[in-house]
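Trainee: Structure file query_19.txt, compact mmCIF, C-alpha atoms, is pasted below:
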# COMPACT_ATOMS: atom_id res chain seq x y z
CA MET A 1 -10.94 83.89 -75.68
CA ASP A 2 -11.95 83.96 -79.36
CA LEU A 3 -12.92 80.35 -80.05
CA TYR A 4 -12.63 80.74 -83.83
CA ALA A 5 -9.08 82.04 -83.54
CA LEU A 6 -8.27 79.33 -81.02
CA THR A 7 -9.58 76.64 -83.37
CA ALA A 8 -7.54 78.05 -86.24
CA TRP A 9 -4.41 78.09 -84.07
CA GLN A 10 -5.00 74.51 -82.96
CA ALA A 11 -5.52 73.36 -86.55
CA ARG A 12 -2.20 74.90 -87.61
CA VAL A 13 -0.40 73.36 -84.62
CA MET A 14 -1.78 69.95 -85.56
CA GLU A 15 -0.69 70.49 -89.15
CA LEU A 16 2.85 71.43 -88.12
CA ALA A 17 3.08 68.41 -85.84
CA GLY A 18 1.92 66.17 -88.69
CA GLN A 19 4.80 67.37 -90.85
CA LYS A 20 7.31 65.63 -88.59
CA THR A 21 7.30 61.89 -88.08
CA LEU A 22 8.54 60.82 -84.68
CA ALA A 23 10.40 57.53 -84.88
CA SER A 24 10.09 56.86 -81.15
CA PRO A 25 6.79 55.56 -79.76
CA TYR A 26 5.20 57.22 -76.77
CA GLN A 27 4.96 55.07 -73.66
CA PRO A 28 2.24 56.10 -71.19
CA GLY A 29 3.77 57.14 -67.90
CA THR A 30 6.88 58.57 -69.55
CA VAL A 31 6.31 62.10 -68.29
CA THR A 32 7.09 62.33 -64.59
CA VAL A 33 8.54 65.02 -62.34
CA ASP A 34 11.99 63.59 -63.07
CA PHE A 35 11.34 63.64 -66.83
CA ILE A 36 10.25 67.29 -66.73
CA ARG A 37 13.22 68.13 -64.54
CA GLU A 38 15.54 66.53 -67.09
CA ALA A 39 13.95 68.59 -69.86
CA VAL A 40 14.34 71.78 -67.83
CA ARG A 41 18.05 71.08 -67.34
CA LEU A 42 18.43 71.90 -71.01
CA SER A 43 18.05 75.51 -69.84
CA TYR A 44 21.62 75.28 -68.55
CA LEU A 45 22.81 75.21 -72.16
CA ASP A 46 22.97 78.27 -74.39
CA GLU A 47 20.91 76.50 -77.06
CA GLY A 48 18.52 74.97 -74.51
CA PRO A 49 15.18 76.12 -75.97
CA ARG A 50 16.18 74.92 -79.43
CA LEU A 51 17.00 71.45 -78.06
CA VAL A 52 13.59 70.87 -76.48
CA GLY A 53 12.00 69.53 -79.64
CA ASP A 54 14.65 66.85 -80.11
CA PHE A 55 14.56 65.91 -76.43
CA LEU A 56 10.79 65.42 -76.41
CA GLY A 57 10.78 63.77 -79.82
CA LYS A 58 13.07 61.02 -78.53
CA SER A 59 10.24 60.07 -76.17
CA GLY A 60 7.50 60.29 -78.79
CA ILE A 61 6.22 63.75 -77.84
CA HIS A 62 5.61 66.41 -80.48
CA PHE A 63 6.78 69.97 -79.78
CA VAL A 64 5.55 72.95 -81.76
CA VAL A 65 6.17 76.68 -81.38
CA LEU A 66 3.52 78.88 -82.98
CA GLY A 67 2.63 82.47 -82.13
CA HIS A 68 -0.81 83.10 -80.68
CA LEU A 69 -3.53 84.69 -82.77
CA PRO A 70 -5.26 87.95 -81.73
CA ARG A 71 -7.79 87.60 -78.91
CA THR A 72 -6.53 84.20 -77.81
CA HIS A 73 -4.10 85.35 -75.06
CA LEU A 74 -2.57 81.88 -75.23
CA ASP A 75 0.71 80.74 -73.67
CA GLY A 76 0.65 77.01 -74.37
CA ALA A 77 -1.39 73.90 -74.94
CA ALA A 78 -1.29 70.14 -74.56
CA MET A 79 -3.27 67.80 -76.80
CA TRP A 80 -3.11 64.57 -78.76
CA ALA A 81 -1.65 64.80 -82.26
CA ALA A 82 -3.22 62.97 -85.20
CA ASP A 83 -0.77 60.08 -84.72
CA ARG A 84 -2.02 59.63 -81.14
CA LYS A 85 1.15 60.96 -79.61
CA PRO A 86 1.18 63.84 -77.13
CA LEU A 87 1.66 67.31 -78.55
CA VAL A 88 2.97 70.24 -76.53
CA ALA A 89 2.72 73.67 -78.17
CA LEU A 90 4.00 77.04 -76.93
CA THR A 91 3.30 80.51 -78.31
CA LEU A 92 6.20 82.47 -76.76
CA ARG A 93 3.69 85.24 -76.05
CA HIS A 94 6.09 86.46 -73.38
CA ASP A 95 9.60 86.29 -74.77
CA ARG A 96 11.33 85.45 -71.49
CA LEU A 97 13.33 82.40 -70.48
CA ASP A 98 11.62 82.02 -67.12
CA ASN A 99 8.23 82.00 -68.82
CA PHE A 100 9.35 79.56 -71.53
CA TRP A 101 10.58 76.92 -69.09
CA PHE A 102 7.61 77.27 -66.78
CA CYS A 103 5.12 77.00 -69.66
CA LEU A 104 6.91 73.94 -70.97
CA ALA A 105 6.83 72.29 -67.54
CA HIS A 106 3.14 73.19 -67.10
CA GLU A 107 2.09 71.66 -70.42
CA LEU A 108 4.16 68.53 -69.82
CA ALA A 109 2.44 68.24 -66.45
CA HIS A 110 -0.90 68.25 -68.28
CA VAL A 111 0.37 65.37 -70.42
CA ALA A 112 1.34 63.41 -67.33
CA LEU A 113 -1.65 64.15 -65.13
CA HIS A 114 -4.59 64.74 -67.44
CA LEU A 115 -4.03 64.06 -71.12
CA GLU A 116 -3.30 60.37 -70.69
CA GLY A 117 -6.33 59.80 -68.51
CA ASP A 118 -8.73 61.99 -70.50
CA GLY A 119 -7.82 61.01 -74.01
CA HIS A 120 -9.80 63.69 -75.86
CA THR A 121 -9.89 67.14 -74.31
CA PRO A 122 -7.04 69.51 -75.23
CA PHE A 123 -5.74 71.92 -72.62
CA PHE A 124 -5.26 75.59 -73.53
CA ASP A 125 -3.53 77.85 -71.04
CA ASP A 126 -3.42 81.59 -70.49
CA LEU A 127 -1.07 81.58 -67.52
CA ASP A 128 -1.57 85.30 -66.89
CA LEU A 129 -5.14 84.59 -65.80
CA MET A 130 -4.26 81.90 -63.30
CA GLY A 131 -2.47 83.72 -60.52
CA ASP A 132 -3.63 82.53 -57.11
CA ALA A 133 -7.04 81.41 -58.36
CA LEU A 134 -5.87 78.03 -59.59
CA VAL A 135 -8.23 75.15 -58.94
CA GLY A 136 -8.49 71.51 -59.92
CA ILE A 137 -6.47 70.35 -62.89
CA GLU A 138 -4.69 73.67 -63.40
CA GLN A 139 -3.54 73.69 -59.78
CA ASP A 140 -2.31 70.12 -60.17
CA ALA A 141 -0.35 70.99 -63.33
CA ASP A 142 1.07 74.11 -61.69
CA ASP A 143 2.19 72.18 -58.61
CA MET A 144 3.90 69.50 -60.67
CA ALA A 145 5.62 72.11 -62.83
CA ARG A 146 6.91 74.04 -59.83
CA GLN A 147 8.20 70.87 -58.19
CA ALA A 148 9.98 69.83 -61.38
CA LEU A 149 11.59 73.23 -61.87
CA ILE A 150 12.83 73.56 -58.28
CA ASP A 151 12.07 71.02 -55.57
CA GLU A 152 10.08 72.70 -52.80
CA ALA A 153 12.39 71.56 -49.99
CA VAL A 154 15.44 72.75 -51.93
CA TRP A 155 13.77 76.08 -52.60
CA GLN A 156 12.76 76.70 -48.99
CA SER A 157 16.24 75.87 -47.71
CA SER A 158 18.01 78.07 -50.26
CA ALA A 159 19.23 81.59 -49.59
CA ALA A 160 17.77 82.68 -52.92
CA SER A 161 14.21 82.11 -51.73
CA HIS A 162 14.72 84.49 -48.80
CA THR A 163 17.03 87.17 -50.15
CA GLY A 164 16.49 87.30 -53.91
CA HIS A 165 20.09 88.45 -54.09
CA PRO A 166 21.73 88.00 -57.52
CA ARG A 167 24.60 86.05 -55.95
CA ASP A 168 22.21 83.62 -54.27
CA VAL A 169 20.22 83.23 -57.49
CA ARG A 170 23.38 82.27 -59.36
CA VAL A 171 24.48 79.83 -56.67
CA LEU A 172 21.18 77.94 -56.63
CA ALA A 173 20.98 77.87 -60.43
CA LYS A 174 24.49 76.46 -60.68
CA THR A 175 23.78 73.88 -57.99
CA LEU A 176 20.67 72.65 -59.81
CA ARG A 177 22.27 73.09 -63.25
CA ILE A 178 19.42 75.25 -64.54
CA HIS A 179 19.29 78.76 -65.97
CA PRO A 180 19.20 81.58 -63.37
CA ALA A 181 16.00 82.83 -65.06
CA ILE A 182 14.11 79.93 -63.51
CA VAL A 183 15.27 80.84 -60.01
CA ALA A 184 14.58 84.52 -60.62
CA GLY A 185 11.11 83.75 -61.97
CA ARG A 186 10.27 81.69 -58.89
CA PHE A 187 11.35 84.49 -56.57
CA ARG A 188 9.43 87.14 -58.52
CA HIS A 189 6.28 85.02 -58.57
CA GLU A 190 6.33 84.13 -54.89
CA THR A 191 7.10 87.65 -53.70
CA ARG A 192 4.89 89.31 -56.36
CA ASN A 193 7.80 91.67 -56.91
CA TYR A 194 8.06 91.76 -60.69
CA ARG A 195 10.57 94.59 -60.61
CA ALA A 196 13.12 92.36 -58.93
CA LEU A 197 15.83 90.52 -60.88
CA THR A 198 14.62 91.80 -64.24
CA ARG A 199 18.01 91.28 -65.85
CA PHE A 200 17.92 87.62 -64.85
CA VAL A 201 14.68 86.48 -66.50
CA GLY A 202 16.05 86.32 -70.03
CA LEU A 203 13.92 88.97 -71.70
CA GLY A 204 14.13 88.61 -75.48
CA GLU A 205 16.15 85.40 -75.24
CA VAL A 206 13.63 82.82 -76.51
CA ARG A 207 12.16 83.71 -79.90
CA LYS A 208 15.58 84.03 -81.47
CA HIS A 209 15.94 80.25 -81.11
CA PHE A 210 12.88 79.64 -83.28
Output the structure of this file as structure tokens.
Mentor:
Amino acid sequence: MDLYALTAWQARVMELAGQKTLASPYQPGTVTVDFIREAVRLSYLDEGPRLVGDFLGKSGIHFVVLGHLPRTHLDGAAMWAADRKPLVALTLRHDRLDNFWFCLAHELAHVALHLEGDGHTPFFDDLDLMGDALVGIEQDADDMARQALIDEAVWQSSAASHTGHPRDVRVLAKTLRIHPAIVAGRFRHETRNYRALTRFVGLGEVRKHF
């Protein structure tokens, strides 16, 4: 990763966050699995991605969307803003709904698990590099994100997890009141079959909101 480009990207993200004053204070401990799950339920709405900023802002969390710079291969980041409130930033490097909601959940998990306790170090994520080699804090953030998106027990007991059938994907998504892209993304990731359910992942359905 080009550290100069990464620093420039971070500086611009901080600048954009500083342009918006959040009236609500941030209370440590706000971000939990249930909080992330509530945010992800916005995916059920047609304008879901556009509503994320307002949702997080009500809890004193900045949200910025800024494209990645060359040689950064960046999907998202979590850091403290200048006003000492959490800042979650996404690049939309992959313009897919399943990727958007997972990245959001992953960065919020960093806020909950690591940012509050660390206080200084920002977290920059290239989720393509993680795969099965996750360790330590990245594994913790990944686990929390997955649990928030779809509870493990619910996933294992669902037909969608075993069949990947479009009908079963729709049924589980409707039951959980989330976008089918999230269910499809989970199935594709766990089976490593990225040709499956391609029309369900919301390709080209994110950037248009920003």
Trainee: Between A:His68, A:Arg37, A:His114, A:Arg84, which has the minimum distance to Ile150 in chain A (counting only C-alpha atoms)?
Mentor: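 Answer, going by the shortest atom-to-atom distance: A:Arg37.
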Trainee: What's the 9 Å shell around Asp126 in chain A, counting only C-alpha atoms, without same-chain residues fewer than 6 positions away, as a ChimeraX atom specification?
Mentor: /A:72-76
Trainee: Set the distance at 7 Å and use all atoms listed in the file: which residues neighbour Ile178 in chain A once local chain neighbours fewer than 3 positions away are removed? I'd like the list as an MDAnalysis selection string.
Mentor: chainID A and resid 40:41 43:44 173:174
Trainee: Using CA of Arg188 in chain A and CA of Pro166 in chain A as the two end points, give the distance in Å to one decimal.
Mentor: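 Separation of CA of Arg188 in chain A and CA of Pro166 in chain A: 12.4 Å.
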Trainee: Rank nothing, just name the residue among A:Gln139, A:Gln19, A:Gln27, A:Thr32 nearest to Pro86 in chain A, using only C-alpha atoms.
Mentor: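 Once distances to Pro86 in chain A are computed over only C-alpha atoms, the minimum belongs to A:Gln27.
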Trainee: Given the choices A:Ala153, A:Leu90, A:Val52, A:Leu197, which gets closest to Ile36 in chain A if the distance is worked out from all atoms listed in the file?
Mentor: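 For Ile36 in chain A, the nearest of the given residues is A:Val52.
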Trainee: Expressed in Å to a single decimal, how great is the separation between CA of Ala160 in chain A and CA of Ile137 in chain A?
Mentor: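 Answer for the CA of Ala160 in chain A to CA of Ile137 in chain A separation: 29.0 Å.
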Trainee: Could you state the separation of CA of Arg167 in chain A and CA of Ala181 in chain A in Å, given to one decimal place?
Mentor: 12.9 Å
Trainee: Considering only C-alpha atoms, can you say which of A:Arg177, A:His110, A:Arg170, A:His120 comes closest to Gly136 in chain A?
Mentor: A:His110
Trainee: Measuring between all atoms listed in the file, which one of A:Gly164, A:Gly53, A:Pro28, A:Gly204 shows the shortest distance to Gly185 in chain A?
Mentor: A:Gly164
Trainee: Could you give me, as a list in words, the residues that have an atom at most 12 Å away from the point (-8.3, 62.9, -83.9) in the coordinates of the file, using only C-alpha atoms?
Mentor: Ala11, Met14, Glu15, Gly18, Met79, Trp80, Ala81, Ala82, Asp83, Arg84, Lys85, Pro86, Gly119, His120, Thr121 and Pro122 of chain A
Trainee: Select, from A:Asp34, A:Asp168, A:Glu190, A:Asp128, the residue with the minimum atom-to-atom distance to Ala105 in chain A, counting all atoms listed in the file.
Mentor: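 For Ala105 in chain A, the nearest of the candidates is A:Asp34.
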Trainee: Around all listed atoms of range 105-108 of chain A, padded 6 Å per side, what centre and edge lengths does the axis-aligned box have in Å to one decimal, as JSON?
Mentor:
{"center_x": 4.5, "center_y": 70.9, "center_z": -68.8, "size_x": 16.7, "size_y": 16.7, "size_z": 15.3}
Trainee: (7.5, 71.7, -55.8) in this file's frame - what residues fall within 12 Å of it? Use all atoms listed in the file and give the answer as a list in words.
Mentor: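 Every residue inside that radius is included here: Val33, Asp34, Arg37, Ala105, Gln139, Asp140, Ala141, Asp142, Asp143, Met144, Ala145, Arg146, Gln147, Ala148, Leu149, Ile150, Asp151, Glu152, Ala153, Val154, Trp155, Gln156 and Arg186 of chain A.
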Trainee: Name all residues at most 7 Å from Pro25 in chain A (count all atoms listed in the file; drop same-chain ones fewer than 2 positions away) and give them as a ChimeraX atom specification.
Mentor: /A:23,27,59-60
Trainee: Excluding Leu203 in chain A and its own-chain neighbours fewer than 2 positions away, which residues fall within 10 Å of it when counting all atoms listed in the file? Please give them as a PDB file with C-alpha atoms, keeping the file's coordinate frame.
Mentor:
ATOM      1  CA  HIS A  94       6.090  86.460 -73.380  1.00  0.00           C
ATOM      2  CA  ASP A  95       9.600  86.290 -74.770  1.00  0.00           C
ATOM      3  CA  ARG A  96      11.330  85.450 -71.490  1.00  0.00           C
ATOM      4  CA  LEU A  97      13.330  82.400 -70.480  1.00  0.00           C
ATOM      5  CA  ASP A  98      11.620  82.020 -67.120  1.00  0.00           C
ATOM      6  CA  ASN A  99       8.230  82.000 -68.820  1.00  0.00           C
ATOM      7  CA  ALA A 181      16.000  82.830 -65.060  1.00  0.00           C
ATOM      8  CA  THR A 198      14.620  91.800 -64.240  1.00  0.00           C
ATOM      9  CA  ARG A 199      18.010  91.280 -65.850  1.00  0.00           C
ATOM     10  CA  PHE A 200      17.920  87.620 -64.850  1.00  0.00           C
ATOM     11  CA  VAL A 201      14.680  86.480 -66.500  1.00  0.00           C
ATOM     12  CA  GLU A 205      16.150  85.400 -75.240  1.00  0.00           C
ATOM     13  CA  VAL A 206      13.630  82.820 -76.510  1.00  0.00           C
ATOM     14  CA  ARG A 207      12.160  83.710 -79.900  1.00  0.00           C
TER      15      ARG A 207
END
Trainee: For range 3-28 of chain A, supply N, CA and C atoms and format the output as a PDB file, keeping the file's coordinate frame.
Mentor:
ATOM      1  N   LEU A   3     -12.945  81.785 -79.770  1.00  0.00           N
ATOM      2  CA  LEU A   3     -12.920  80.350 -80.050  1.00  0.00           C
ATOM      3  C   LEU A   3     -12.587  80.051 -81.513  1.00  0.00           C
ATOM      4  N   TYR A   4     -12.971  80.948 -82.415  1.00  0.00           N
ATOM      5  CA  TYR A   4     -12.630  80.740 -83.830  1.00  0.00           C
ATOM      6  C   TYR A   4     -11.124  80.849 -84.036  1.00  0.00           C
ATOM      7  N   ALA A   5     -10.531  81.864 -83.438  1.00  0.00           N
ATOM      8  CA  ALA A   5      -9.080  82.040 -83.540  1.00  0.00           C
ATOM      9  C   ALA A   5      -8.349  80.885 -82.868  1.00  0.00           C
ATOM     10  N   LEU A   6      -8.882  80.434 -81.735  1.00  0.00           N
ATOM     11  CA  LEU A   6      -8.270  79.330 -81.020  1.00  0.00           C
ATOM     12  C   LEU A   6      -8.315  78.050 -81.852  1.00  0.00           C
ATOM     13  N   THR A   7      -9.439  77.815 -82.509  1.00  0.00           N
ATOM     14  CA  THR A   7      -9.580  76.640 -83.370  1.00  0.00           C
ATOM     15  C   THR A   7      -8.621  76.695 -84.551  1.00  0.00           C
ATOM     16  N   ALA A   8      -8.474  77.880 -85.126  1.00  0.00           N
ATOM     17  CA  ALA A   8      -7.540  78.050 -86.240  1.00  0.00           C
ATOM     18  C   ALA A   8      -6.104  77.799 -85.780  1.00  0.00           C
ATOM     19  N   TRP A   9      -5.756  78.309 -84.619  1.00  0.00           N
ATOM     20  CA  TRP A   9      -4.410  78.090 -84.070  1.00  0.00           C
ATOM     21  C   TRP A   9      -4.165  76.605 -83.834  1.00  0.00           C
ATOM     22  N   GLN A  10      -5.152  75.931 -83.230  1.00  0.00           N
ATOM     23  CA  GLN A  10      -5.000  74.510 -82.960  1.00  0.00           C
ATOM     24  C   GLN A  10      -4.841  73.712 -84.257  1.00  0.00           C
ATOM     25  N   ALA A  11      -5.606  74.067 -85.275  1.00  0.00           N
ATOM     26  CA  ALA A  11      -5.520  73.360 -86.550  1.00  0.00           C
ATOM     27  C   ALA A  11      -4.120  73.495 -87.150  1.00  0.00           C
ATOM     28  N   ARG A  12      -3.543  74.690 -87.074  1.00  0.00           N
ATOM     29  CA  ARG A  12      -2.200  74.900 -87.610  1.00  0.00           C
ATOM     30  C   ARG A  12      -1.154  74.144 -86.791  1.00  0.00           C
ATOM     31  N   VAL A  13      -1.320  74.113 -85.473  1.00  0.00           N
ATOM     32  CA  VAL A  13      -0.400  73.360 -84.620  1.00  0.00           C
ATOM     33  C   VAL A  13      -0.441  71.873 -84.987  1.00  0.00           C
ATOM     34  N   MET A  14      -1.632  71.356 -85.183  1.00  0.00           N
ATOM     35  CA  MET A  14      -1.780  69.950 -85.560  1.00  0.00           C
ATOM     36  C   MET A  14      -1.129  69.690 -86.915  1.00  0.00           C
ATOM     37  N   GLU A  15      -1.290  70.642 -87.832  1.00  0.00           N
ATOM     38  CA  GLU A  15      -0.690  70.490 -89.150  1.00  0.00           C
ATOM     39  C   GLU A  15       0.835  70.463 -89.059  1.00  0.00           C
ATOM     40  N   LEU A  16       1.405  71.371 -88.284  1.00  0.00           N
ATOM     41  CA  LEU A  16       2.850  71.430 -88.120  1.00  0.00           C
ATOM     42  C   LEU A  16       3.382  70.152 -87.467  1.00  0.00           C
ATOM     43  N   ALA A  17       2.669  69.654 -86.484  1.00  0.00           N
ATOM     44  CA  ALA A  17       3.080  68.410 -85.840  1.00  0.00           C
ATOM     45  C   ALA A  17       3.046  67.247 -86.829  1.00  0.00           C
ATOM     46  N   GLY A  18       2.054  67.248 -87.713  1.00  0.00           N
ATOM     47  CA  GLY A  18       1.920  66.170 -88.690  1.00  0.00           C
ATOM     48  C   GLY A  18       3.000  66.172 -89.744  1.00  0.00           C
ATOM     49  N   GLN A  19       3.729  67.288 -89.860  1.00  0.00           N
ATOM     50  CA  GLN A  19       4.800  67.370 -90.850  1.00  0.00           C
ATOM     51  C   GLN A  19       6.079  66.673 -90.394  1.00  0.00           C
ATOM     52  N   LYS A  20       6.120  66.293 -89.114  1.00  0.00           N
ATOM     53  CA  LYS A  20       7.310  65.630 -88.590  1.00  0.00           C
ATOM     54  C   LYS A  20       6.935  64.268 -88.022  1.00  0.00           C
ATOM     55  N   THR A  21       7.534  63.240 -88.567  1.00  0.00           N
ATOM     56  CA  THR A  21       7.300  61.890 -88.080  1.00  0.00           C
ATOM     57  C   THR A  21       8.264  61.579 -86.945  1.00  0.00           C
ATOM     58  N   LEU A  22       7.716  61.187 -85.821  1.00  0.00           N
ATOM     59  CA  LEU A  22       8.540  60.820 -84.680  1.00  0.00           C
ATOM     60  C   LEU A  22       8.793  59.320 -84.706  1.00  0.00           C
ATOM     61  N   ALA A  23      10.054  58.947 -84.785  1.00  0.00           N
ATOM     62  CA  ALA A  23      10.400  57.530 -84.880  1.00  0.00           C
ATOM     63  C   ALA A  23      10.108  56.801 -83.563  1.00  0.00           C
ATOM     64  N   SER A  24      10.267  57.502 -82.458  1.00  0.00           N
ATOM     65  CA  SER A  24      10.090  56.860 -81.150  1.00  0.00           C
ATOM     66  C   SER A  24       8.617  56.790 -80.777  1.00  0.00           C
ATOM     67  N   PRO A  25       8.172  55.657 -80.254  1.00  0.00           N
ATOM     68  CA  PRO A  25       6.790  55.560 -79.760  1.00  0.00           C
ATOM     69  C   PRO A  25       6.665  56.300 -78.430  1.00  0.00           C
ATOM     70  N   TYR A  26       5.426  56.618 -78.083  1.00  0.00           N
ATOM     71  CA  TYR A  26       5.200  57.220 -76.770  1.00  0.00           C
ATOM     72  C   TYR A  26       4.698  56.145 -75.820  1.00  0.00           C
ATOM     73  N   GLN A  27       5.365  56.032 -74.683  1.00  0.00           N
ATOM     74  CA  GLN A  27       4.960  55.070 -73.660  1.00  0.00           C
ATOM     75  C   GLN A  27       4.225  55.810 -72.550  1.00  0.00           C
ATOM     76  N   PRO A  28       2.963  55.456 -72.296  1.00  0.00           N
ATOM     77  CA  PRO A  28       2.240  56.100 -71.190  1.00  0.00           C
ATOM     78  C   PRO A  28       3.042  56.012 -69.893  1.00  0.00           C
TER      79      PRO A  28
END
